[in-house]
>>> print(open('protein28.tsv').read())   # TSV, C-alpha atoms
chain	number	residue	atom	x	y	z
C	18	MET	CA	-27.02	3.72	12.66
C	19	SER	CA	-25.59	3.21	9.17
C	20	LYS	CA	-21.89	3.79	8.68
C	21	THR	CA	-20.45	6.06	6.01
C	22	ALA	CA	-16.82	5.79	4.93
C	23	LEU	CA	-14.75	8.33	3.00
C	24	ILE	CA	-11.69	6.85	1.28
C	25	THR	CA	-8.99	9.03	-0.24
C	26	GLY	CA	-6.96	7.35	-2.96
C	27	ILE	CA	-9.86	4.99	-3.49
C	28	ALA	CA	-8.78	3.90	-6.98
C	29	GLY	CA	-5.51	2.43	-5.73
C	30	GLN	CA	-4.76	-1.11	-4.64
C	31	ASP	CA	-5.72	-0.68	-0.97
C	32	GLY	CA	-8.69	1.55	-1.75
C	33	SER	CA	-10.22	-1.06	-4.04
C	34	TYR	CA	-9.88	-3.93	-1.56
C	35	LEU	CA	-11.19	-1.80	1.31
C	36	THR	CA	-14.14	-0.65	-0.80
C	37	GLU	CA	-15.17	-4.25	-1.37
C	38	LEU	CA	-14.84	-5.07	2.33
C	39	LEU	CA	-16.88	-2.05	3.46
C	40	LEU	CA	-19.66	-2.60	0.92
C	41	GLU	CA	-19.89	-6.23	2.03
C	42	ASN	CA	-20.41	-4.93	5.58
C	43	GLY	CA	-23.21	-2.55	4.60
C	44	TYR	CA	-21.34	0.76	4.52
C	45	ASP	CA	-22.17	3.75	2.37
C	46	VAL	CA	-18.88	4.45	0.57
C	47	HIS	CA	-17.61	7.76	-0.79
C	48	GLY	CA	-14.25	7.98	-2.52
C	49	ILE	CA	-11.85	10.70	-3.62
C	50	ASP	CA	-9.73	10.03	-6.68
C	51	ARG	CA	-7.08	12.31	-8.20
C	52	ARG	CA	-7.96	13.53	-11.69
C	53	SER	CA	-5.59	12.47	-14.47
C	54	SER	CA	-5.65	12.39	-18.25
C	55	LEU	CA	-5.95	8.58	-18.16
C	56	PHE	CA	-8.94	6.71	-16.76
C	57	ASN	CA	-7.59	4.93	-13.67
C	58	ARG	CA	-10.66	3.52	-11.93
C	59	ARG	CA	-10.48	0.00	-13.36
C	60	ARG	CA	-9.76	-1.50	-9.92
C	61	ILE	CA	-13.09	-0.28	-8.49
C	62	GLU	CA	-15.41	-0.60	-11.49
C	63	GLU	CA	-16.64	-4.06	-10.49
C	64	ALA	CA	-17.33	-2.92	-6.91
C	65	ARG	CA	-19.17	0.11	-8.25
C	66	GLU	CA	-21.36	-2.03	-10.48
C	67	ASN	CA	-22.10	-4.48	-7.67
C	68	ALA	CA	-23.08	-1.61	-5.36
C	69	ARG	CA	-25.41	-0.23	-8.04
C	70	ARG	CA	-27.16	-3.60	-8.43
C	71	ARG	CA	-27.60	-3.92	-4.67
C	72	GLY	CA	-28.87	-0.36	-4.29
C	73	GLN	CA	-25.94	0.68	-2.10
C	74	VAL	CA	-24.45	4.15	-1.90
C	75	PHE	CA	-21.09	4.33	-3.68
C	76	GLU	CA	-20.08	7.82	-4.80
C	77	LEU	CA	-16.82	8.91	-6.42
C	78	TYR	CA	-15.38	12.43	-6.59
C	79	TYR	CA	-12.31	14.02	-8.07
C	80	GLY	CA	-10.02	15.67	-5.56
C	81	ASP	CA	-6.44	16.28	-4.55
C	82	MET	CA	-4.70	16.32	-1.16
C	83	SER	CA	-3.22	19.73	-1.96
C	84	ASP	CA	-6.71	21.31	-2.21
C	85	SER	CA	-8.12	22.04	1.26
C	86	SER	CA	-11.40	23.49	0.00
C	87	ASN	CA	-12.17	20.33	-1.95
C	88	LEU	CA	-11.51	18.13	1.09
C	89	TYR	CA	-13.75	20.33	3.23
C	90	ARG	CA	-16.58	20.15	0.69
C	91	ARG	CA	-16.43	16.37	0.43
C	92	ILE	CA	-16.51	15.86	4.18
C	93	ILE	CA	-19.32	18.36	4.64
C	94	SER	CA	-21.41	16.68	1.95
C	95	CYS	CA	-21.05	13.04	3.06
C	96	LYS	CA	-20.52	13.45	6.84
C	97	PRO	CA	-18.37	10.31	7.18
C	98	THR	CA	-18.28	8.20	10.30
C	99	GLU	CA	-14.96	6.72	9.17
C	100	ILE	CA	-12.15	8.21	7.05
C	101	TYR	CA	-9.39	6.14	5.47
C	102	ASN	CA	-6.48	8.16	4.11
C	103	PHE	CA	-4.65	6.24	1.36
C	104	ALA	CA	-3.88	9.19	-0.92
C	105	SER	CA	-0.15	9.68	-1.32
C	106	GLN	CA	2.80	9.76	-3.64
C	107	SER	CA	3.48	6.15	-2.80
C	108	HIS	CA	6.67	5.26	-4.67
C	109	VAL	CA	9.87	5.43	-2.62
C	110	ALA	CA	12.25	5.82	-5.57
C	111	ILE	CA	10.17	8.60	-7.11
C	112	SER	CA	10.24	10.48	-3.79
C	113	PHE	CA	13.95	11.14	-4.37
C	114	GLU	CA	13.06	12.76	-7.70
C	115	GLU	CA	9.98	14.62	-6.39
C	116	PRO	CA	10.69	15.34	-2.70
C	117	GLU	CA	8.66	18.57	-2.54
C	118	HIS	CA	5.57	17.04	-4.15
C	119	THR	CA	5.89	13.94	-1.96
C	120	THR	CA	6.03	16.08	1.17
C	121	ASP	CA	3.07	18.24	0.20
C	122	VAL	CA	0.79	15.28	-0.54
C	123	ASN	CA	1.94	12.78	2.08
C	124	ALA	CA	2.61	15.15	5.00
C	125	ASN	CA	0.65	18.36	4.49
C	126	GLY	CA	-2.18	16.50	2.77
C	127	THR	CA	-2.74	14.43	5.90
C	128	LEU	CA	-2.87	17.59	8.01
C	129	ARG	CA	-5.44	19.15	5.67
C	130	LEU	CA	-7.63	16.06	5.90
C	131	LEU	CA	-7.37	15.94	9.70
C	132	GLU	CA	-8.44	19.57	9.93
C	133	ALA	CA	-11.40	18.92	7.66
C	134	ALA	CA	-12.37	15.87	9.72
C	135	ARG	CA	-12.04	17.72	13.01
C	136	HIS	CA	-14.37	20.51	11.92
C	137	PHE	CA	-16.91	18.87	9.60
C	138	ALA	CA	-17.06	15.07	9.92
C	139	ALA	CA	-19.82	13.28	11.84
C	140	ASP	CA	-19.57	13.30	15.64
C	141	GLY	CA	-17.23	10.54	16.78
C	142	CYS	CA	-15.72	10.12	13.31
C	143	ARG	CA	-12.83	7.68	13.20
C	144	PHE	CA	-9.68	8.26	11.15
C	145	TYR	CA	-7.24	5.77	9.65
C	146	GLN	CA	-3.83	6.89	8.40
C	147	ALA	CA	-1.80	4.70	6.04
C	148	SER	CA	1.60	4.77	7.69
C	149	THR	CA	4.50	2.67	6.49
C	150	SER	CA	7.47	0.54	7.50
C	151	GLU	CA	9.61	3.00	5.52
C	152	MET	CA	9.46	5.23	8.62
C	153	PHE	CA	11.76	2.76	10.39
C	154	GLY	CA	14.36	2.95	7.61
C	155	ASP	CA	17.72	2.24	9.25
C	156	ALA	CA	16.13	0.47	12.20
C	157	PRO	CA	18.39	-0.40	15.17
C	158	HIS	CA	16.94	-3.92	15.43
C	159	SER	CA	14.74	-6.42	13.62
C	160	PRO	CA	11.91	-7.27	13.73
C	161	GLN	CA	10.40	-3.87	14.40
C	162	THR	CA	7.51	-3.18	16.76
C	163	GLU	CA	5.39	-0.14	17.57
C	164	ASN	CA	8.15	0.91	20.01
C	165	THR	CA	11.08	0.75	17.56
C	166	PRO	CA	12.72	4.18	17.01
C	167	PHE	CA	12.14	5.70	13.57
C	168	HIS	CA	14.99	6.53	11.18
C	169	PRO	CA	13.54	7.08	7.66
C	170	ARG	CA	15.96	6.89	4.73
C	171	SER	CA	13.91	8.50	1.94
C	172	PRO	CA	11.79	11.64	1.38
C	173	TYR	CA	8.79	9.29	1.27
C	174	GLY	CA	9.59	7.89	4.72
C	175	VAL	CA	10.23	11.34	6.18
C	176	ALA	CA	6.91	12.71	4.85
C	177	LYS	CA	5.03	9.69	6.17
C	178	LEU	CA	6.67	10.14	9.56
C	179	TYR	CA	5.28	13.69	9.78
C	180	ALA	CA	1.83	12.32	8.95
C	181	TYR	CA	2.21	9.65	11.63
C	182	TRP	CA	3.05	12.19	14.33
C	183	ILE	CA	0.38	14.71	13.33
C	184	VAL	CA	-2.23	11.93	13.53
C	185	ARG	CA	-1.03	11.07	17.03
C	186	ASN	CA	-1.07	14.77	17.93
C	187	TYR	CA	-4.71	15.13	16.85
C	188	ARG	CA	-5.60	12.00	18.80
C	189	GLU	CA	-3.92	13.22	21.97
C	190	HIS	CA	-4.81	16.92	21.73
C	191	TYR	CA	-8.31	16.85	20.22
C	192	GLY	CA	-9.45	13.38	21.27
C	193	LEU	CA	-9.94	12.29	17.66
C	194	HIS	CA	-10.28	8.52	17.26
C	195	ALA	CA	-7.29	8.35	14.91
C	196	CYS	CA	-5.12	5.31	14.18
C	197	ASN	CA	-1.87	4.72	12.33
C	198	GLY	CA	-1.47	1.42	10.54
C	199	ILE	CA	2.29	0.87	10.14
C	200	LEU	CA	2.03	-1.44	7.16
C	201	TYR	CA	4.87	-3.40	5.62
C	202	ASN	CA	4.98	-4.17	1.90
C	203	HIS	CA	1.64	-5.53	0.77
C	204	GLU	CA	1.06	-6.66	-2.78
C	205	SER	CA	-1.62	-8.09	-5.06
C	206	PRO	CA	-2.56	-8.42	-8.73
C	207	ARG	CA	-3.84	-4.83	-8.40
C	208	ARG	CA	-0.40	-3.45	-7.54
C	209	GLY	CA	0.93	-0.82	-9.94
C	210	GLU	CA	3.34	-2.11	-12.58
C	211	ASN	CA	6.09	0.28	-11.44
C	212	PHE	CA	6.40	-1.54	-8.09
C	213	VAL	CA	8.98	-4.31	-8.08
C	214	THR	CA	6.69	-7.25	-7.30
C	215	ARG	CA	4.19	-6.46	-10.03
C	216	LYS	CA	7.00	-5.50	-12.40
C	217	ILE	CA	8.38	-9.01	-11.91
C	218	THR	CA	5.13	-10.91	-12.49
C	219	TYR	CA	3.93	-8.71	-15.37
C	220	SER	CA	7.31	-8.80	-17.15
C	221	LEU	CA	7.71	-12.56	-16.72
C	222	ALA	CA	4.21	-13.09	-18.11
C	223	ARG	CA	5.16	-11.04	-21.17
C	224	ILE	CA	8.46	-12.94	-21.52
C	225	LYS	CA	6.57	-16.24	-21.29
C	226	LYS	CA	4.24	-15.08	-24.09
C	227	GLY	CA	7.12	-13.82	-26.26
C	228	LEU	CA	6.14	-10.14	-25.88
C	229	GLN	CA	9.24	-9.02	-23.96
C	230	ASP	CA	12.87	-10.12	-23.84
C	231	THR	CA	14.31	-9.02	-20.49
C	232	LEU	CA	13.29	-8.03	-16.96
C	233	MET	CA	15.51	-5.27	-15.50
C	234	LEU	CA	15.88	-5.18	-11.70
C	235	GLY	CA	18.00	-3.57	-9.00
C	236	ASN	CA	19.56	-5.30	-6.00
C	237	LEU	CA	18.37	-8.93	-6.07
C	238	ASP	CA	19.43	-9.48	-2.46
C	239	ASN	CA	17.19	-6.80	-0.96
C	240	ARG	CA	14.83	-8.38	1.55
C	241	ARG	CA	11.21	-7.38	2.17
C	242	ASP	CA	8.37	-8.42	4.46
C	243	TRP	CA	5.70	-9.05	1.81
C	244	GLY	CA	2.01	-9.70	2.52
C	245	PHE	CA	-1.30	-9.71	0.66
C	246	ALA	CA	-3.13	-6.37	0.42
C	247	GLY	CA	-6.54	-7.99	0.93
C	248	ASP	CA	-5.40	-9.24	4.34
C	249	TYR	CA	-3.98	-5.87	5.30
C	250	VAL	CA	-7.11	-3.79	4.62
C	251	ARG	CA	-8.98	-6.11	6.97
C	252	ALA	CA	-6.55	-5.02	9.69
C	253	MET	CA	-7.27	-1.35	8.93
C	254	TRP	CA	-11.00	-1.91	9.33
C	255	LEU	CA	-10.46	-3.78	12.59
C	256	MET	CA	-8.42	-0.84	13.96
C	257	LEU	CA	-11.31	1.58	13.52
C	258	ASN	CA	-13.72	-0.84	15.16
C	259	GLN	CA	-11.89	-0.90	18.50
C	260	ASP	CA	-13.11	1.10	21.48
C	261	ALA	CA	-9.79	2.94	21.80
C	262	ALA	CA	-7.63	4.36	19.02
C	263	ASP	CA	-4.08	3.05	18.76
C	264	ASP	CA	-1.23	2.41	16.33
C	265	TYR	CA	-0.40	-1.04	14.98
C	266	VAL	CA	2.36	-2.75	13.00
C	267	ILE	CA	0.84	-4.95	10.28
C	268	ALA	CA	3.28	-7.47	8.81
C	269	THR	CA	3.92	-11.17	8.18
C	270	GLY	CA	7.09	-11.35	10.29
C	271	GLN	CA	8.97	-13.09	7.46
C	272	THR	CA	11.32	-11.66	4.85
C	273	HIS	CA	12.23	-12.82	1.36
C	274	THR	CA	14.67	-11.48	-1.21
C	275	VAL	CA	13.81	-10.06	-4.60
C	276	ARG	CA	15.68	-13.08	-5.99
C	277	GLU	CA	13.32	-15.44	-4.14
C	278	PHE	CA	10.32	-13.56	-5.53
C	279	VAL	CA	11.68	-13.95	-9.07
C	280	GLU	CA	12.39	-17.66	-8.54
C	281	LYS	CA	8.91	-18.40	-7.17
C	282	ALA	CA	7.28	-16.41	-10.00
C	283	CYS	CA	9.35	-18.32	-12.57
C	284	GLU	CA	8.37	-21.61	-10.98
C	285	THR	CA	4.69	-20.66	-11.19
C	286	ALA	CA	5.08	-19.57	-14.82
C	287	GLY	CA	6.91	-22.77	-15.78
C	288	ILE	CA	10.18	-20.97	-16.48
C	289	GLY	CA	13.47	-22.49	-15.34
C	290	ILE	CA	16.00	-19.85	-14.23
C	291	ALA	CA	19.74	-20.16	-13.58
C	292	TRP	CA	21.84	-17.32	-12.13
C	293	GLU	CA	25.36	-16.39	-13.18
C	294	GLY	CA	27.68	-13.54	-12.29
C	295	GLU	CA	27.35	-11.31	-9.24
C	296	GLY	CA	26.42	-7.76	-8.25
C	297	ALA	CA	25.50	-5.45	-11.09
C	298	GLY	CA	26.80	-8.06	-13.55
C	299	GLU	CA	24.47	-10.83	-12.43
C	300	LYS	CA	22.06	-12.32	-14.96
C	301	GLY	CA	19.28	-14.86	-14.94
C	302	ARG	CA	19.05	-17.25	-17.89
C	303	ASP	CA	16.12	-19.32	-19.08
C	304	THR	CA	17.34	-22.91	-18.60
C	305	ARG	CA	15.37	-24.11	-21.62
C	306	THR	CA	16.40	-21.49	-24.19
C	307	GLY	CA	19.63	-20.18	-22.68
C	308	LYS	CA	18.41	-16.61	-23.21
C	309	THR	CA	19.04	-13.91	-20.59
C	310	ILE	CA	15.65	-12.98	-19.11
C	311	VAL	CA	16.77	-11.07	-15.97
C	312	GLU	CA	19.44	-8.38	-15.80
C	313	VAL	CA	20.60	-6.12	-12.96
C	314	SER	CA	20.96	-2.37	-13.42
C	315	LYS	CA	22.48	0.14	-10.99
C	316	LYS	CA	19.75	2.53	-12.16
C	317	PHE	CA	17.29	0.68	-9.95
C	318	PHE	CA	19.42	0.78	-6.79
C	319	ARG	CA	18.13	3.28	-4.22
C	320	PRO	CA	20.36	6.24	-3.22
C	321	ALA	CA	20.20	5.06	0.40
C	322	GLU	CA	19.45	1.38	0.87
C	323	LYS	CA	18.01	0.63	4.29
C	324	THR	CA	18.53	-2.25	6.65
C	325	VAL	CA	16.20	-5.23	6.55
C	326	LEU	CA	12.65	-4.30	7.54
C	327	CYS	CA	10.66	-7.07	9.15
C	328	GLY	CA	7.57	-6.38	11.24
C	329	ASP	CA	6.37	-7.95	14.49
C	330	ALA	CA	2.55	-7.86	14.41
C	331	LYS	CA	2.09	-9.37	17.90
C	332	LYS	CA	0.04	-6.40	19.10
C	333	ALA	CA	-2.34	-6.69	16.12
C	334	ARG	CA	-2.72	-10.43	16.69
C	335	GLU	CA	-3.52	-9.99	20.36
C	336	LYS	CA	-5.69	-6.85	20.29
C	337	LEU	CA	-7.32	-7.06	16.85
C	338	GLY	CA	-7.38	-10.82	16.40
C	339	TRP	CA	-5.69	-10.29	13.04
C	340	LYS	CA	-3.32	-12.54	11.15
C	341	PRO	CA	-2.48	-12.87	7.44
C	342	GLU	CA	-4.29	-15.61	5.55
C	343	ILE	CA	-2.13	-15.73	2.39
C	344	ASP	CA	1.57	-16.57	2.75
C	345	PHE	CA	4.50	-15.57	0.52
C	346	ASP	CA	4.22	-18.51	-1.88
C	347	GLY	CA	0.45	-18.02	-2.19
C	348	LEU	CA	0.90	-14.32	-2.87
C	349	VAL	CA	3.46	-14.82	-5.65
C	350	GLU	CA	1.39	-17.58	-7.25
C	351	LEU	CA	-1.73	-15.40	-7.16
C	352	MET	CA	0.02	-12.45	-8.80
C	353	MET	CA	1.84	-14.57	-11.40
C	354	LYS	CA	-1.27	-16.48	-12.45
C	355	CYS	CA	-3.33	-13.30	-12.78
C	356	ASP	CA	-0.70	-11.68	-14.99
C	357	LEU	CA	-0.38	-14.80	-17.15
C	358	ASP	CA	-4.15	-14.71	-17.66
C	359	SER	CA	-4.27	-10.98	-18.37
C	360	VAL	CA	-1.33	-10.95	-20.79
>>> encode(input="protein28.tsv", output="structure tokens")
Amino acid sequence: MSKTALITGIAGQDGSYLTELLLENGYDVHGIDRRSSLFNRRRIEEARENARRRGQVFELYYGDMSDSSNLYRRIISCKPTEIYNFASQSHVAISFEEPEHTTDVNANGTLRLLEAARHFAADGCRFYQASTSEMFGDAPHSPQTENTPFHPRSPYGVAKLYAYWIVRNYREHYGLHACNGILYNHESPRRGENFVTRKITYSLARIKKGLQDTLMLGNLDNRRDWGFAGDYVRAMWLMLNQDAADDYVIATGQTHTVREFVEKACETAGIGIAWEGEGAGEKGRDTRTGKTIVEVSKKFFRPAEKTVLCGDAKKAREKLGWKPEIDFDGLVELMMKCDLDSV
């Protein structure tokens, strides 16, 4: 029996990598993308063209997680055997500015999709929910596991926590094969430029080419567990191919500071950087020219900074046979080189 996947938020970073993985494994792929005034499907255009050449099914639709009727129609028309829910307002800082919108899309949107899946998807349909380490927030210990208590510190984390629990509720109450992937920060050259990792590599590429003077950042000492998005979507697919549905932490188990990310990106770009000052007054200077290329601004500090989030993916290693293939240095080099080429 052929498999049919429906991916919400298909035009994003994770949606594009998952699309490629599923097409390589013979799936029919249907995707929902939010309509905007700008064309934002560049990440999936190559996959779409490859599918066309191979004669594979790859259909795209406009839709929004606030529109139940649209979700119902899409599921009725394609009868998916697997659903991957990536659609969300995915920026933590913006969730403080748009808490109501974030909640409607990330929390209520997941409920709408679950209801549509329960009533109209193919028999035995499997459901993947993109959960997040932001649900742990002010975690009582580190690293975090699937059993660590949640304490979200942002509207984004709170909304995602509702989605996590409603997925578990539908699994336990209705018997839906529904999984939560509790993913830590995962990056790639396809990451949006408003996320700190891509902001760093894109800005440094422009500085290297003389197109920009300064990179503005927040707290340089914030630590993150950063992995490669291509590795992480493989874990999602493995979750839905298990006999029993479950929830999994997906992480590298290592943390690095924003400062370390900048230093590794500079090294890859051939830029020497020297730090001076501290706190909001800290600056990074180009050792060759003496020019300030990195500055710190309080504007980019979060209202409620959380404790260090570091994930323990032991369960995923043992049950899914999953482990990341690209380490921190490889990730930064990949992103920096791609932005140098594109700029």
>>> residues_around(input="protein28.tsv", residues="Asn236 in chain C", least_positions_apart="3", cutoff="10 Å", atoms="only C-alpha atoms", output="list in words")
Asn239, Arg240, Thr274, Val275, Arg276, Gly296, Ala297, Glu299, Val313, Ser314, Lys315, Lys316, Phe317, Phe318, Arg319 and Glu322 of chain C
>>> closest_atom_pairs(input="protein28.tsv", of="range 91-147 of chain C", to="range 178-189 of chain C", cutoff="8 Å", atoms="all atoms listed in the file", output="Markdown table")
| residue | atom | partner | partner_atom | distance |
| --- | --- | --- | --- | --- |
| C:Asn123 | CA | C:Ala180 | CA | 6.9 |
| C:Ala124 | CA | C:Ala180 | CA | 4.9 |
| C:Asn125 | CA | C:Ala180 | CA | 7.6 |
| C:Thr127 | CA | C:Ala180 | CA | 5.9 |
| C:Leu128 | CA | C:Ile183 | CA | 6.9 |
| C:Leu131 | CA | C:Val184 | CA | 7.6 |
| C:Gln146 | CA | C:Val184 | CA | 7.4 |
>>> closest_residue(input="protein28.tsv", among="C:Tyr89, C:Tyr201, C:Phe75, C:Trp292", to="Ala133 in chain C", atoms="all atoms listed in the file")
C:Tyr89
>>> residues_around(input="protein28.tsv", residues="Leu257 in chain C", least_positions_apart="3", cutoff="12 Å", atoms="only C-alpha atoms", output="ChimeraX atom specification")
/C:20,22,98-101,141-146,193-198,250-254,260-265,337
>>> residues_around(input="protein28.tsv", residues="Cys355 in chain C", least_positions_apart="5", cutoff="12 Å", atoms="all atoms listed in the file", output="VMD selection string")
chain C and resid 205 to 208 215 218 to 219 221 to 222 282 285 to 286 348 to 350 360
>>> closest_residue(input="protein28.tsv", among="C:Leu88, C:Leu357, C:Met352, C:Leu326", to="Thr165 in chain C", atoms="all atoms listed in the file")
C:Leu326
>>> axis_aligned_box(input="protein28.tsv", around="range 279-284 of chain C", padding_each_side="3 Å", output="JSON")
{"center_x": 9.8, "center_y": -17.8, "center_z": -9.9, "size_x": 11.1, "size_y": 13.7, "size_z": 11.4}
>>> atom_distance(input="protein28.tsv", atom1="CA of Glu312 in chain C", atom2="CA of Lys300 in chain C")
4.8 Å
>>> atom_distance(input="protein28.tsv", atom1="CA of Ser83 in chain C", atom2="CA of Thr119 in chain C")
10.8 Å
>>> closest_residue(input="protein28.tsv", among="C:Gln271, C:Thr120, C:Asn42, C:Gln161", to="Ser107 in chain C", atoms="all atoms listed in the file")
C:Thr120
>>> closest_residue(input="protein28.tsv", among="C:Glu115, C:Gly43, C:Gly298, C:Val325", to="Phe153 in chain C", atoms="all atoms listed in the file")
C:Val325
>>> residues_around(input="protein28.tsv", residues="Gly307 in chain C", least_positions_apart="3", cutoff="12 Å", atoms="only C-alpha atoms", output="list in words")
Ile288, Gly289, Ile290, Ala291, Trp292, Glu293, Lys300, Gly301, Arg302, Asp303, Thr304, Ile310 and Val311 of chain C
>>> atom_distance(input="protein28.tsv", atom1="CA of Leu228 in chain C", atom2="CA of Gly247 in chain C")
29.7 Å
>>> closest_residue(input="protein28.tsv", among="C:Ser171, C:Ser159, C:Ser220, C:Thr21", to="Cys95 in chain C", atoms="only C-alpha atoms")
C:Thr21
>>> closest_residue(input="protein28.tsv", among="C:Glu151, C:Asp329, C:Glu37, C:Asp140", to="Pro97 in chain C", atoms="all atoms listed in the file")
C:Asp140
>>> residues_around(input="protein28.tsv", residues="Leu200 in chain C", least_positions_apart="4", cutoff="8 Å", atoms="only C-alpha atoms", output="ChimeraX atom specification")
/C:147-150,249,266-268
>>> write_last_selection(input="protein28.tsv", atoms="C-alpha atoms", output="CSV table (one decimal), in the frame of the given file")
chain,number,residue,atom,x,y,z
C,147,ALA,CA,-1.8,4.7,6.0
C,148,SER,CA,1.6,4.8,7.7
C,149,THR,CA,4.5,2.7,6.5
C,150,SER,CA,7.5,0.5,7.5
C,249,TYR,CA,-4.0,-5.9,5.3
C,266,VAL,CA,2.4,-2.8,13.0
C,267,ILE,CA,0.8,-5.0,10.3
C,268,ALA,CA,3.3,-7.5,8.8
